[in-house]
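Enquirer: Just passing along the structure, written as structure tokens.
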Amino acid sequence: MLLALAGLIGFGSVKSYAQRIAFSIATGPSSGTYFPVGETIAGLISHPPGMQRCLRATVCGPEGLIASAQTSAGAYANVLLVESGRADSALAQSDVVAQAVAGMGAFKKKQTHIRSIAALFPEQLHLVVAKRSKIDSISKLRGKKVSLGASNSGTAVTARAVLSAYRIRAKTSNDPADLAARELLAGKLDAFFFVGGAPVPLIQGLINSGKAALVPIDGKGRDRLVARSAGVSPDQIPKGIYDGVPAISTVSVRALWIVDDRESNDVVFAITRALFSPANRPLLITSSPAARAISVATASRDLPAPLHPGAEKFYRDARRQEAR
């Protein structure tokens, strides 16, 4: 857990302290979008003693902060890690966070310690099918072997909602994406779901192999899904995002950076400020193509969990500065 900053009150400027401030960011599997983005954010907000780039006050977190990105099973597991205090912060899907704070769906009770730092970028739901399966619409998943994603992942939460909305029964499993990809290529799996900011390198590799394709998520089933699921929106994977693939109708969620409400206001203020520092953007967008969508203009809109007071202070100050 984040060490307390003794003597700090309110939202004053974060002073220098000799102690090391550990701050964790739970992400996802190394093959997904969350890990490289979380790893980059951790590097940008860290402020070890003597770090020259951090001499500019808005570029890094508070002095002594050492942030680390940790792999995890995904969004569902990440919410539980933050709620229990086993992770200081995490990346998670908007639909999963909405269920968590409401105590619905995958969660048996309300998760009361979840707060938002920022909405980062949209994540599209990919339905990847083996070409040999002859699946060209979502309705043809009936009776097929389909992986919903790892059991503690956000993908699994979204995929279960999809099958329910489309009233489809399939032979489901909970394979992580990298295993599902291997099984699909080996002929042991007909399809799998994956939530991630397009383009996802794993999926591009499968398409390039000539053995996999993307199937649209559209029609009345999609309408039911969006109506039932907070944090899920109609979307499209544009033509050319994946080599040789036309525009694909789908749905998307948003990747959120969530934090434990017990974290220091001053630390959360400082790391939010560092996230949106113009000096950090060139490095931030190299983490993933999806990271290009990270913007202070959209980061605090329509969040399923309340803003942490430290992040709220940052956005309030940013709006005041823009209004001048």
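By order of appearance in the structure tokens: chains A, B, ..., then residues from 1 within every chain, and ligands from 1 in the order shown.
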Run DSSP on the backbone and grab whatever in stretch 32-280 of chain A lands in alpha helix (DSSP H); send it over as a ChimeraX atom specification.
Expert: /A:34-45,75-84,94-102,154-166,177-185,201-208,219-228,265-275
Enquirer: Please tabulate, as JSON lines, the residues of stretch 88-149 of chain A that come within 9 Å of stretch 165-169 of chain A, each with its closest pair of atoms and the distance in Å to one decimal, counting only C-alpha atoms and ordering rows by chain, then residue number upward.
Expert:
{"residue": "A:Ile138", "atom": "CA", "partner": "A:Tyr166", "partner_atom": "CA", "distance": 8.2}
{"residue": "A:Ser139", "atom": "CA", "partner": "A:Ile168", "partner_atom": "CA", "distance": 7.0}
{"residue": "A:Lys140", "atom": "CA", "partner": "A:Ile168", "partner_atom": "CA", "distance": 8.8}
{"residue": "A:Leu141", "atom": "CA", "partner": "A:Ile168", "partner_atom": "CA", "distance": 7.1}
{"residue": "A:Arg142", "atom": "CA", "partner": "A:Arg169", "partner_atom": "CA", "distance": 5.4}
{"residue": "A:Gly143", "atom": "CA", "partner": "A:Arg169", "partner_atom": "CA", "distance": 6.3}
{"residue": "A:Lys144", "atom": "CA", "partner": "A:Arg169", "partner_atom": "CA", "distance": 8.5}
Enquirer: Atoms to include: N, CA and C atoms. Write the selected residues as an mmCIF file, in the first residue's frame.
Expert:
data_model
loop_
_atom_site.group_PDB
_atom_site.id
_atom_site.type_symbol
_atom_site.label_atom_id
_atom_site.label_comp_id
_atom_site.auth_asym_id
_atom_site.auth_seq_id
_atom_site.Cartn_x
_atom_site.Cartn_y
_atom_site.Cartn_z
ATOM 1 N N ILE A 138 -22.661 -13.762 -35.482
ATOM 2 C CA ILE A 138 -22.600 -14.160 -34.079
ATOM 3 C C ILE A 138 -23.614 -15.263 -33.762
ATOM 4 N N SER A 139 -24.709 -15.318 -34.503
ATOM 5 C CA SER A 139 -25.718 -16.354 -34.255
ATOM 6 C C SER A 139 -25.170 -17.754 -34.487
ATOM 7 N N LYS A 140 -24.126 -17.876 -35.309
ATOM 8 C CA LYS A 140 -23.560 -19.190 -35.617
ATOM 9 C C LYS A 140 -22.596 -19.699 -34.548
ATOM 10 N N LEU A 141 -22.513 -18.947 -33.414
ATOM 11 C CA LEU A 141 -21.739 -19.465 -32.278
ATOM 12 C C LEU A 141 -22.483 -20.572 -31.542
ATOM 13 N N ARG A 142 -23.763 -20.731 -31.814
ATOM 14 C CA ARG A 142 -24.546 -21.751 -31.112
ATOM 15 C C ARG A 142 -23.915 -23.129 -31.274
ATOM 16 N N GLY A 143 -23.670 -23.752 -30.133
ATOM 17 C CA GLY A 143 -23.114 -25.096 -30.123
ATOM 18 C C GLY A 143 -21.626 -25.178 -30.412
ATOM 19 N N LYS A 144 -20.973 -24.042 -30.686
ATOM 20 C CA LYS A 144 -19.556 -24.038 -31.009
ATOM 21 C C LYS A 144 -18.698 -23.933 -29.743
#
Enquirer: Considering only C-alpha atoms, state which residue in the set A:Gly154, A:Gly103, A:Gly28, A:Gly43 is at the smallest distance from A:Ser287.
Expert: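 Using only C-alpha atoms, the shortest distance to A:Ser287 belongs to A:Gly43.
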Enquirer: Got a sec: who's within 8 Å of stretch 105-116 of chain A, counting only C-alpha atoms, leaving out chain neighbours fewer than 4 positions off, as a list in words?
Expert: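 Those residues are Val79, Leu80, Val82, Glu83, Val96, Gln99, Ala100, Val101, Val157, Leu256, Trp257, Ile258, Val259, Asp260, Asp261, Arg262, Leu303, Ala305, Pro306, Leu307, His308 and Ala311 of chain A.
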Enquirer: Selection from above, N, CA and C atoms, as a PDB file, in the first residue's frame, can you write it?
Expert:
ATOM      1  N   VAL A  79     -10.381  -4.967 -10.036  1.00  0.00           N
ATOM      2  CA  VAL A  79     -11.320  -4.291  -9.135  1.00  0.00           C
ATOM      3  C   VAL A  79     -11.221  -4.874  -7.731  1.00  0.00           C
ATOM      4  N   LEU A  80     -11.163  -6.181  -7.639  1.00  0.00           N
ATOM      5  CA  LEU A  80     -11.065  -6.834  -6.333  1.00  0.00           C
ATOM      6  C   LEU A  80      -9.727  -6.522  -5.659  1.00  0.00           C
ATOM      7  N   VAL A  82      -7.974  -3.717  -5.961  1.00  0.00           N
ATOM      8  CA  VAL A  82      -8.040  -2.353  -5.437  1.00  0.00           C
ATOM      9  C   VAL A  82      -8.982  -2.282  -4.247  1.00  0.00           C
ATOM     10  N   GLU A  83     -10.120  -2.924  -4.349  1.00  0.00           N
ATOM     11  CA  GLU A  83     -11.097  -2.900  -3.251  1.00  0.00           C
ATOM     12  C   GLU A  83     -10.501  -3.439  -1.958  1.00  0.00           C
ATOM     13  N   VAL A  96     -17.268  -3.304 -16.228  1.00  0.00           N
ATOM     14  CA  VAL A  96     -16.934  -4.054 -15.018  1.00  0.00           C
ATOM     15  C   VAL A  96     -16.997  -3.143 -13.794  1.00  0.00           C
ATOM     16  N   GLN A  99     -20.615  -2.459 -12.796  1.00  0.00           N
ATOM     17  CA  GLN A  99     -21.172  -3.575 -12.027  1.00  0.00           C
ATOM     18  C   GLN A  99     -20.630  -3.594 -10.604  1.00  0.00           C
ATOM     19  N   ALA A 100     -19.344  -3.270 -10.469  1.00  0.00           N
ATOM     20  CA  ALA A 100     -18.698  -3.330  -9.152  1.00  0.00           C
ATOM     21  C   ALA A 100     -19.296  -2.329  -8.179  1.00  0.00           C
ATOM     22  N   VAL A 101     -19.454  -1.081  -8.609  1.00  0.00           N
ATOM     23  CA  VAL A 101     -19.955  -0.059  -7.686  1.00  0.00           C
ATOM     24  C   VAL A 101     -21.434  -0.250  -7.388  1.00  0.00           C
ATOM     25  N   VAL A 157     -16.527 -11.041 -18.416  1.00  0.00           N
ATOM     26  CA  VAL A 157     -17.744 -10.361 -17.967  1.00  0.00           C
ATOM     27  C   VAL A 157     -18.535  -9.862 -19.177  1.00  0.00           C
ATOM     28  N   LEU A 256     -10.514   2.396 -17.800  1.00  0.00           N
ATOM     29  CA  LEU A 256     -10.444   3.361 -16.712  1.00  0.00           C
ATOM     30  C   LEU A 256      -9.212   3.102 -15.863  1.00  0.00           C
ATOM     31  N   TRP A 257      -8.645   4.163 -15.339  1.00  0.00           N
ATOM     32  CA  TRP A 257      -7.615   4.049 -14.302  1.00  0.00           C
ATOM     33  C   TRP A 257      -8.326   4.300 -12.983  1.00  0.00           C
ATOM     34  N   ILE A 258      -8.447   3.246 -12.174  1.00  0.00           N
ATOM     35  CA  ILE A 258      -9.146   3.339 -10.902  1.00  0.00           C
ATOM     36  C   ILE A 258      -8.140   3.297  -9.754  1.00  0.00           C
ATOM     37  N   VAL A 259      -8.570   3.761  -8.580  1.00  0.00           N
ATOM     38  CA  VAL A 259      -7.659   3.872  -7.443  1.00  0.00           C
ATOM     39  C   VAL A 259      -8.429   3.619  -6.156  1.00  0.00           C
ATOM     40  N   ASP A 260      -7.740   3.180  -5.141  1.00  0.00           N
ATOM     41  CA  ASP A 260      -8.297   2.985  -3.813  1.00  0.00           C
ATOM     42  C   ASP A 260      -8.655   4.341  -3.210  1.00  0.00           C
ATOM     43  N   ASP A 261      -9.861   4.497  -2.670  1.00  0.00           N
ATOM     44  CA  ASP A 261     -10.260   5.790  -2.106  1.00  0.00           C
ATOM     45  C   ASP A 261      -9.455   6.167  -0.868  1.00  0.00           C
ATOM     46  N   ARG A 262      -8.674   5.222  -0.330  1.00  0.00           N
ATOM     47  CA  ARG A 262      -7.851   5.512   0.841  1.00  0.00           C
ATOM     48  C   ARG A 262      -6.487   6.101   0.476  1.00  0.00           C
ATOM     49  N   LEU A 303     -18.262   8.817 -15.842  1.00  0.00           N
ATOM     50  CA  LEU A 303     -17.530   7.771 -15.144  1.00  0.00           C
ATOM     51  C   LEU A 303     -18.475   6.919 -14.300  1.00  0.00           C
ATOM     52  N   ALA A 305     -17.643   5.190 -11.647  1.00  0.00           N
ATOM     53  CA  ALA A 305     -17.235   5.309 -10.242  1.00  0.00           C
ATOM     54  C   ALA A 305     -16.845   6.758  -9.977  1.00  0.00           C
ATOM     55  N   PRO A 306     -17.117   7.283  -8.790  1.00  0.00           N
ATOM     56  CA  PRO A 306     -16.803   8.687  -8.500  1.00  0.00           C
ATOM     57  C   PRO A 306     -15.317   8.972  -8.654  1.00  0.00           C
ATOM     58  N   LEU A 307     -15.009  10.213  -8.984  1.00  0.00           N
ATOM     59  CA  LEU A 307     -13.616  10.632  -9.031  1.00  0.00           C
ATOM     60  C   LEU A 307     -13.008  10.623  -7.633  1.00  0.00           C
ATOM     61  N   HIS A 308     -11.744  10.234  -7.548  1.00  0.00           N
ATOM     62  CA  HIS A 308     -11.004  10.422  -6.300  1.00  0.00           C
ATOM     63  C   HIS A 308     -10.850  11.931  -6.089  1.00  0.00           C
ATOM     64  N   ALA A 311      -7.961  13.528  -7.968  1.00  0.00           N
ATOM     65  CA  ALA A 311      -8.172  13.676  -9.406  1.00  0.00           C
ATOM     66  C   ALA A 311      -9.198  14.767  -9.683  1.00  0.00           C
TER      67      ALA A 311
END
Enquirer: With distances taken over only C-alpha atoms, which residue among A:Leu120, A:Arg316, A:Asn208, A:Pro199 lies nearest A:Pro238?
Expert: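 Checking each candidate against A:Pro238, we get A:Pro199 as the closest.
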Enquirer: Restricting the calculation to only C-alpha atoms, which member of A:Ala130, A:Ala177, A:Ala57, A:Ala73 is positioned closest to A:Asn152?
Expert: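 Of A:Ala130, A:Ala177, A:Ala57, A:Ala73, the one nearest A:Asn152 is A:Ala73, counting only C-alpha atoms.
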Enquirer: For stretch 129-178 of chain A against stretch 223-231 of chain A, with a cut-off of 10 Å and counting only C-alpha atoms, what is the closest atom pair and its distance in Å to one decimal for every residue that makes the cut, ordered by chain and number, as CSV?
Expert:
residue,atom,partner,partner_atom,distance
A:Thr158,CA,A:Ser229,CA,8.8
A:Ala161,CA,A:Leu225,CA,6.8
A:Val162,CA,A:Leu225,CA,6.3
A:Leu163,CA,A:Leu225,CA,9.1
A:Ser164,CA,A:Leu225,CA,8.2
A:Ala165,CA,A:Leu225,CA,5.2
A:Tyr166,CA,A:Arg224,CA,7.9
Enquirer: Based on the backbone DSSP call, show me all residues of stretch 56-258 of chain A assigned strand (DSSP E), as an MDAnalysis selection string.
Expert: chainID A and resid 65:70 89:93 114:130 145:147 171:173 191:196 212:214 233:237 248:258
Enquirer: What is the distance, in Å and to one decimal place, between atom CA of A:Thr272 and atom CA of A:Ile117?
Expert: 6.8 Å
Enquirer: Skip A:Ala159 itself and residues of its chain fewer than 6 positions away, then list as a PyMOL selection string all residues within 8 Å of it, counting only C-alpha atoms.
Expert: chain A and resi 148-149+193
Enquirer: Select, from A:Ala22, A:Ala212, A:Val251, A:Val37, the residue with the minimum atom-to-atom distance to A:Val195, counting only C-alpha atoms.
Expert: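 For A:Val195, the nearest of the given residues is A:Val251.
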Enquirer: So that I can see what lies close to stretch 244-250 of chain A, please list as a VMD selection string the residues with an atom at most 7 Å from it, counting only C-alpha atoms and leaving out residues fewer than 2 positions away in the same chain.
Expert: chain A and resid 124 to 125 216 to 218 234 to 240 242 252
Enquirer: Could you write out that same residue set with C-alpha atoms as a compact mmCIF listing (two decimals), in the first residue's frame?
Expert:
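again.txt written:
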# COMPACT_ATOMS: atom_id res chain seq x y z
CA GLN A 124 -13.44 -2.67 -28.72
CA LEU A 125 -14.91 -6.12 -28.24
CA PRO A 216 -19.47 -8.33 -36.46
CA ILE A 217 -21.44 -7.78 -33.27
CA ASP A 218 -24.57 -6.01 -34.50
CA PRO A 234 -22.12 0.72 -29.96
CA ASP A 235 -18.88 1.10 -31.87
CA GLN A 236 -17.02 0.11 -35.00
CA ILE A 237 -13.52 -1.14 -35.73
CA PRO A 238 -12.63 1.07 -38.72
CA LYS A 239 -11.57 -0.32 -42.07
CA GLY A 240 -7.84 -0.88 -42.28
CA TYR A 242 -6.39 -4.60 -39.17
CA SER A 252 -16.82 -0.89 -26.88
Enquirer: Can you tell me which residues surround A:Lys188 at a distance of at most 8 Å, considering only C-alpha atoms, apart from same-chain residues fewer than 4 positions away, and format the answer as number ranges by chain?
Expert: A: 145, 183-184
Enquirer: Would you list the contacts of A:Leu275 as a ChimeraX atom specification, taking every protein, DNA or RNA residue within 9 Å and counting only C-alpha atoms, but skipping same-chain residues closer than 6 positions in sequence?
Expert: /A:41,44-45,59-61,281,284
Enquirer: In Å, rounded to a single decimal, give me how far atom CA of A:Ile241 is from atom CA of A:Ala198.
Expert: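 Straight-line distance from atom CA of A:Ala198 to atom CA of A:Ile241 works out to 7.0 Å.
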Enquirer: Suppose you want the space between atom CA of A:Ala299 and atom CA of A:Ala156; what is it in Å?
Expert: 24.9 Å
Enquirer: May I ask which of the residues A:Ser89, A:Leu214, A:Gly32, A:Ser72 is the closest one to A:Ser151, counting only C-alpha atoms?
Expert: A:Ser72
Enquirer: Go through A:Val253, A:Ile294, A:Ala270, A:Ala102 one by one, measure the shortest atom-to-atom distance of each to A:Thr58 using only C-alpha atoms, and give the residue with the smallest value.
Expert: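 Answer, going by the shortest atom-to-atom distance: A:Ala270.
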